[in-house]
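This is protein_8.txt (compact mmCIF, N, CA and C atoms).
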```txt
# COMPACT_ATOMS: atom_id res chain seq x y z
N ASN J 30 -5.00 -5.12 -4.65
CA ASN J 30 -5.75 -5.82 -3.62
C ASN J 30 -5.53 -5.17 -2.27
N ALA J 31 -6.09 -5.74 -1.25
CA ALA J 31 -6.02 -5.14 0.08
C ALA J 31 -4.60 -5.03 0.58
N ALA J 32 -3.78 -6.03 0.30
CA ALA J 32 -2.38 -5.97 0.73
C ALA J 32 -1.66 -4.80 0.07
N GLU J 33 -1.99 -4.51 -1.18
CA GLU J 33 -1.39 -3.38 -1.87
C GLU J 33 -1.79 -2.07 -1.21
N PHE J 34 -3.01 -2.01 -0.67
CA PHE J 34 -3.45 -0.81 0.04
C PHE J 34 -2.53 -0.52 1.20
N ILE J 35 -2.26 -1.55 1.99
CA ILE J 35 -1.42 -1.36 3.16
C ILE J 35 -0.01 -0.95 2.74
N GLU J 36 0.53 -1.62 1.73
CA GLU J 36 1.87 -1.29 1.25
C GLU J 36 1.91 0.12 0.68
N ALA J 37 0.86 0.53 0.00
CA ALA J 37 0.82 1.85 -0.64
C ALA J 37 0.82 2.97 0.38
N GLN J 38 0.38 2.70 1.59
CA GLN J 38 0.32 3.75 2.58
C GLN J 38 1.72 4.29 2.88
N SER J 39 2.71 3.44 2.77
CA SER J 39 4.08 3.90 2.97
C SER J 39 4.51 4.86 1.87
N ASN J 40 3.86 4.76 0.73
CA ASN J 40 4.19 5.61 -0.42
C ASN J 40 3.23 6.78 -0.56
N ASN J 41 2.32 6.93 0.40
CA ASN J 41 1.33 8.01 0.41
C ASN J 41 0.45 8.03 -0.83
N GLU J 42 0.14 6.87 -1.38
CA GLU J 42 -0.77 6.81 -2.51
C GLU J 42 -2.20 7.03 -2.01
N ALA J 43 -3.04 7.58 -2.86
CA ALA J 43 -4.43 7.81 -2.49
C ALA J 43 -5.17 6.49 -2.33
N VAL J 44 -6.02 6.44 -1.31
CA VAL J 44 -6.78 5.22 -1.04
C VAL J 44 -7.56 4.80 -2.28
N GLU J 45 -8.18 5.75 -2.95
CA GLU J 45 -9.02 5.45 -4.11
C GLU J 45 -8.21 4.86 -5.25
N ASP J 46 -6.91 5.18 -5.32
CA ASP J 46 -6.07 4.65 -6.38
C ASP J 46 -5.64 3.22 -6.12
N VAL J 47 -5.80 2.76 -4.89
CA VAL J 47 -5.32 1.43 -4.53
C VAL J 47 -6.47 0.46 -4.31
N ILE J 48 -7.47 0.89 -3.56
CA ILE J 48 -8.61 0.01 -3.30
C ILE J 48 -9.61 0.21 -4.42
N THR J 49 -9.87 -0.86 -5.13
CA THR J 49 -10.72 -0.74 -6.30
C THR J 49 -12.05 -1.48 -6.17
N SER J 50 -12.27 -2.20 -5.08
CA SER J 50 -13.54 -2.89 -4.94
C SER J 50 -14.06 -2.77 -3.52
N ARG J 51 -15.34 -2.97 -3.39
CA ARG J 51 -15.96 -2.92 -2.06
C ARG J 51 -15.45 -4.04 -1.17
N ASP J 52 -15.16 -5.20 -1.76
CA ASP J 52 -14.63 -6.32 -0.97
C ASP J 52 -13.28 -5.97 -0.37
N GLU J 53 -12.43 -5.33 -1.14
CA GLU J 53 -11.12 -4.94 -0.63
C GLU J 53 -11.27 -3.93 0.50
N LEU J 54 -12.14 -2.97 0.31
CA LEU J 54 -12.36 -1.97 1.35
C LEU J 54 -12.93 -2.63 2.60
N ARG J 55 -13.85 -3.56 2.45
CA ARG J 55 -14.44 -4.27 3.58
C ARG J 55 -13.36 -5.01 4.36
N ILE J 56 -12.46 -5.67 3.65
CA ILE J 56 -11.39 -6.42 4.30
C ILE J 56 -10.46 -5.49 5.08
N VAL J 57 -10.11 -4.37 4.48
CA VAL J 57 -9.25 -3.41 5.17
C VAL J 57 -9.97 -2.87 6.41
N ARG J 58 -11.24 -2.56 6.28
CA ARG J 58 -12.02 -2.05 7.43
C ARG J 58 -12.08 -3.08 8.55
N LEU J 59 -12.31 -4.35 8.21
CA LEU J 59 -12.34 -5.41 9.22
C LEU J 59 -11.00 -5.50 9.94
N ALA J 60 -9.93 -5.43 9.19
CA ALA J 60 -8.60 -5.49 9.80
C ALA J 60 -8.37 -4.27 10.69
N MET J 61 -8.80 -3.11 10.23
CA MET J 61 -8.61 -1.89 11.02
C MET J 61 -9.39 -1.94 12.32
N ASN J 62 -10.52 -2.64 12.32
CA ASN J 62 -11.32 -2.75 13.54
C ASN J 62 -10.57 -3.46 14.67
N ARG J 63 -9.53 -4.19 14.34
CA ARG J 63 -8.74 -4.89 15.35
C ARG J 63 -7.65 -4.00 15.96
N LEU J 64 -7.43 -2.85 15.36
CA LEU J 64 -6.44 -1.91 15.90
C LEU J 64 -7.01 -1.24 17.15
N PRO J 65 -6.13 -0.80 18.06
CA PRO J 65 -6.61 0.03 19.16
C PRO J 65 -7.33 1.25 18.58
N SER J 66 -8.37 1.70 19.26
CA SER J 66 -9.21 2.77 18.69
C SER J 66 -8.42 4.03 18.36
N ARG J 67 -7.47 4.40 19.19
CA ARG J 67 -6.68 5.61 18.91
C ARG J 67 -5.85 5.44 17.65
N ASP J 68 -5.19 4.28 17.50
CA ASP J 68 -4.39 4.03 16.30
C ASP J 68 -5.27 3.98 15.06
N GLN J 69 -6.41 3.34 15.19
CA GLN J 69 -7.36 3.27 14.07
C GLN J 69 -7.77 4.68 13.64
N ARG J 70 -8.08 5.51 14.59
CA ARG J 70 -8.50 6.88 14.28
C ARG J 70 -7.37 7.67 13.62
N MET J 71 -6.14 7.49 14.10
CA MET J 71 -5.01 8.20 13.49
C MET J 71 -4.80 7.76 12.04
N VAL J 72 -4.92 6.47 11.78
CA VAL J 72 -4.78 5.96 10.40
C VAL J 72 -5.87 6.57 9.53
N GLU J 73 -7.10 6.58 10.03
CA GLU J 73 -8.21 7.15 9.26
C GLU J 73 -8.00 8.64 9.00
N LEU J 74 -7.60 9.36 10.03
CA LEU J 74 -7.38 10.80 9.85
C LEU J 74 -6.29 11.08 8.82
N HIS J 75 -5.21 10.32 8.89
CA HIS J 75 -4.09 10.59 8.00
C HIS J 75 -4.33 10.08 6.58
N PHE J 76 -4.72 8.83 6.44
CA PHE J 76 -4.80 8.24 5.10
C PHE J 76 -6.16 8.42 4.42
N ILE J 77 -7.22 8.42 5.18
CA ILE J 77 -8.55 8.54 4.57
C ILE J 77 -8.93 10.02 4.43
N GLN J 78 -8.71 10.78 5.49
CA GLN J 78 -9.10 12.20 5.46
C GLN J 78 -7.98 13.12 5.00
N GLY J 79 -6.76 12.59 4.89
CA GLY J 79 -5.66 13.38 4.37
C GLY J 79 -5.07 14.39 5.34
N ARG J 80 -5.31 14.20 6.63
CA ARG J 80 -4.78 15.14 7.62
C ARG J 80 -3.28 14.94 7.81
N ALA J 81 -2.58 16.02 8.02
CA ALA J 81 -1.14 15.98 8.28
C ALA J 81 -0.90 15.43 9.68
N MET J 82 0.24 14.77 9.84
CA MET J 82 0.58 14.21 11.13
C MET J 82 0.68 15.29 12.20
N ALA J 83 1.17 16.46 11.83
CA ALA J 83 1.27 17.57 12.79
C ALA J 83 -0.11 17.98 13.30
N SER J 84 -1.09 17.98 12.41
CA SER J 84 -2.46 18.32 12.79
C SER J 84 -3.04 17.29 13.75
N ILE J 85 -2.78 16.02 13.46
CA ILE J 85 -3.25 14.94 14.33
C ILE J 85 -2.57 15.05 15.69
N ALA J 86 -1.29 15.35 15.68
CA ALA J 86 -0.53 15.49 16.93
C ALA J 86 -1.13 16.60 17.80
N ARG J 87 -1.48 17.73 17.20
CA ARG J 87 -2.10 18.82 17.96
C ARG J 87 -3.43 18.37 18.56
N GLU J 88 -4.21 17.64 17.78
CA GLU J 88 -5.52 17.17 18.26
C GLU J 88 -5.37 16.26 19.48
N TYR J 89 -4.37 15.39 19.45
CA TYR J 89 -4.16 14.44 20.55
C TYR J 89 -3.24 14.97 21.64
N GLY J 90 -2.63 16.11 21.42
CA GLY J 90 -1.73 16.67 22.42
C GLY J 90 -0.45 15.87 22.58
N ILE J 91 0.03 15.33 21.46
CA ILE J 91 1.26 14.54 21.45
C ILE J 91 2.16 15.06 20.34
N SER J 92 3.38 14.54 20.29
CA SER J 92 4.31 15.00 19.26
C SER J 92 3.98 14.38 17.89
N ARG J 93 4.46 15.04 16.86
CA ARG J 93 4.30 14.50 15.51
C ARG J 93 4.98 13.15 15.40
N GLU J 94 6.12 13.01 16.06
CA GLU J 94 6.86 11.74 16.04
C GLU J 94 6.04 10.62 16.70
N ALA J 95 5.31 10.93 17.76
CA ALA J 95 4.46 9.93 18.40
C ALA J 95 3.35 9.49 17.45
N VAL J 96 2.81 10.42 16.69
CA VAL J 96 1.79 10.08 15.70
C VAL J 96 2.40 9.20 14.61
N ARG J 97 3.57 9.59 14.12
CA ARG J 97 4.24 8.81 13.08
C ARG J 97 4.48 7.38 13.55
N CYS J 98 4.95 7.22 14.76
CA CYS J 98 5.22 5.89 15.31
C CYS J 98 3.93 5.08 15.46
N ALA J 99 2.87 5.71 15.94
CA ALA J 99 1.59 5.02 16.12
C ALA J 99 1.05 4.54 14.77
N ILE J 100 1.13 5.40 13.76
CA ILE J 100 0.65 5.03 12.43
C ILE J 100 1.52 3.93 11.84
N ALA J 101 2.82 4.03 12.00
CA ALA J 101 3.72 2.98 11.48
C ALA J 101 3.43 1.64 12.15
N ARG J 102 3.22 1.64 13.47
CA ARG J 102 2.88 0.39 14.17
C ARG J 102 1.56 -0.17 13.66
N ALA J 103 0.59 0.71 13.46
CA ALA J 103 -0.72 0.27 12.98
C ALA J 103 -0.60 -0.37 11.60
N ILE J 104 0.16 0.24 10.72
CA ILE J 104 0.34 -0.31 9.38
C ILE J 104 1.04 -1.67 9.45
N GLU J 105 2.02 -1.80 10.31
CA GLU J 105 2.69 -3.10 10.47
C GLU J 105 1.70 -4.16 10.96
N ARG J 106 0.84 -3.80 11.89
CA ARG J 106 -0.18 -4.75 12.37
C ARG J 106 -1.12 -5.12 11.23
N LEU J 107 -1.51 -4.14 10.42
CA LEU J 107 -2.40 -4.43 9.30
C LEU J 107 -1.74 -5.36 8.30
N LYS J 108 -0.46 -5.16 8.04
CA LYS J 108 0.26 -6.01 7.10
C LYS J 108 0.29 -7.46 7.57
N ARG J 109 0.31 -7.65 8.88
CA ARG J 109 0.37 -9.01 9.44
C ARG J 109 -1.01 -9.65 9.58
N ASP J 110 -2.06 -8.89 9.39
CA ASP J 110 -3.41 -9.44 9.53
C ASP J 110 -3.64 -10.45 8.43
N PRO J 111 -4.03 -11.69 8.77
CA PRO J 111 -4.21 -12.73 7.75
C PRO J 111 -5.28 -12.41 6.72
N ARG J 112 -6.27 -11.62 7.09
CA ARG J 112 -7.30 -11.25 6.13
C ARG J 112 -6.72 -10.42 4.99
N ILE J 113 -5.70 -9.65 5.29
CA ILE J 113 -5.05 -8.84 4.26
C ILE J 113 -3.92 -9.63 3.60
N ALA J 114 -3.11 -10.29 4.42
CA ALA J 114 -1.97 -11.03 3.89
C ALA J 114 -2.40 -12.14 2.93
N ASN J 115 -3.55 -12.73 3.17
CA ASN J 115 -4.01 -13.86 2.34
C ASN J 115 -5.03 -13.44 1.29
N PHE J 116 -5.31 -12.16 1.20
CA PHE J 116 -6.31 -11.71 0.23
C PHE J 116 -5.71 -11.72 -1.16
N SER J 117 -6.44 -12.23 -2.10
CA SER J 117 -6.00 -12.18 -3.50
C SER J 117 -7.19 -11.84 -4.36
N ASN J 118 -6.89 -11.39 -5.57
CA ASN J 118 -7.96 -10.98 -6.50
C ASN J 118 -8.89 -12.10 -6.78
```
Have the structure of the file written as structure tokens, please.
Amino acid sequence: NAAEFIEAQSNNEAVEDVITSRDELRIVRLAMNRLPSRDQRMVELHFIQGRAMASIAREYGISREAVRCAIARAIERLKRDPRIANFSN
């Protein structure tokens, strides 16, 4: 389910292996829309497009560690989103 998607990101699992329905993807997208635009874009670049954190850091002109922290914060916010936390099959 959608909560598993968020948890799986810590394990670097492929999005397609975790999200199995359009409803789950829709819920994750809605939750992501609440993230600051920069954090949302970093999550998309890393987890959806498979870009390395170092590559994202170069694009934004920041350190890899800053990207890692931004993505980690974004994932924590997603985990706390009630649409994801309360989603069940």
Task: Residues near segment 61-76 of chain J, cut-off 6.5 Å, only N, CA and C atoms, skip fewer than 6 positions along chain, as a VMD selection string - done: chain J and resid 44 82 99 to 100 103
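Among the candidates J:Ala81, J:Leu107, J:Ala60, J:Ile113, the one nearest to Arg93 of chain J when counting only C-alpha atoms is J:Ala81.
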- [ ] Figure out the distance between atom C of Glu53 of chain J and atom CA of Arg109 of chain J, please, to one decimal in Å.
- [x]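 Computing the Euclidean distance for atom CA of Arg109 of chain J and atom C of Glu53 of chain J yields 15.5 Å.
For the pair atom CA of Ala83 of chain J and atom N of Arg102 of chain J, the interatomic distance is 16.1 Å.
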TODO: Mind giving me the straight-line distance from atom CA of Gly90 of chain J to atom C of Glu105 of chain J in Å, one decimal?
DONE: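 Separation of atom CA of Gly90 of chain J and atom C of Glu105 of chain J: 24.0 Å.
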Task: Counting all atoms listed in the file, the option among J:Arg112, J:Ile91, J:Arg97, J:Ala86 closest to Val57 of chain J - done: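 For Val57 of chain J, the nearest of the candidates is J:Arg112.
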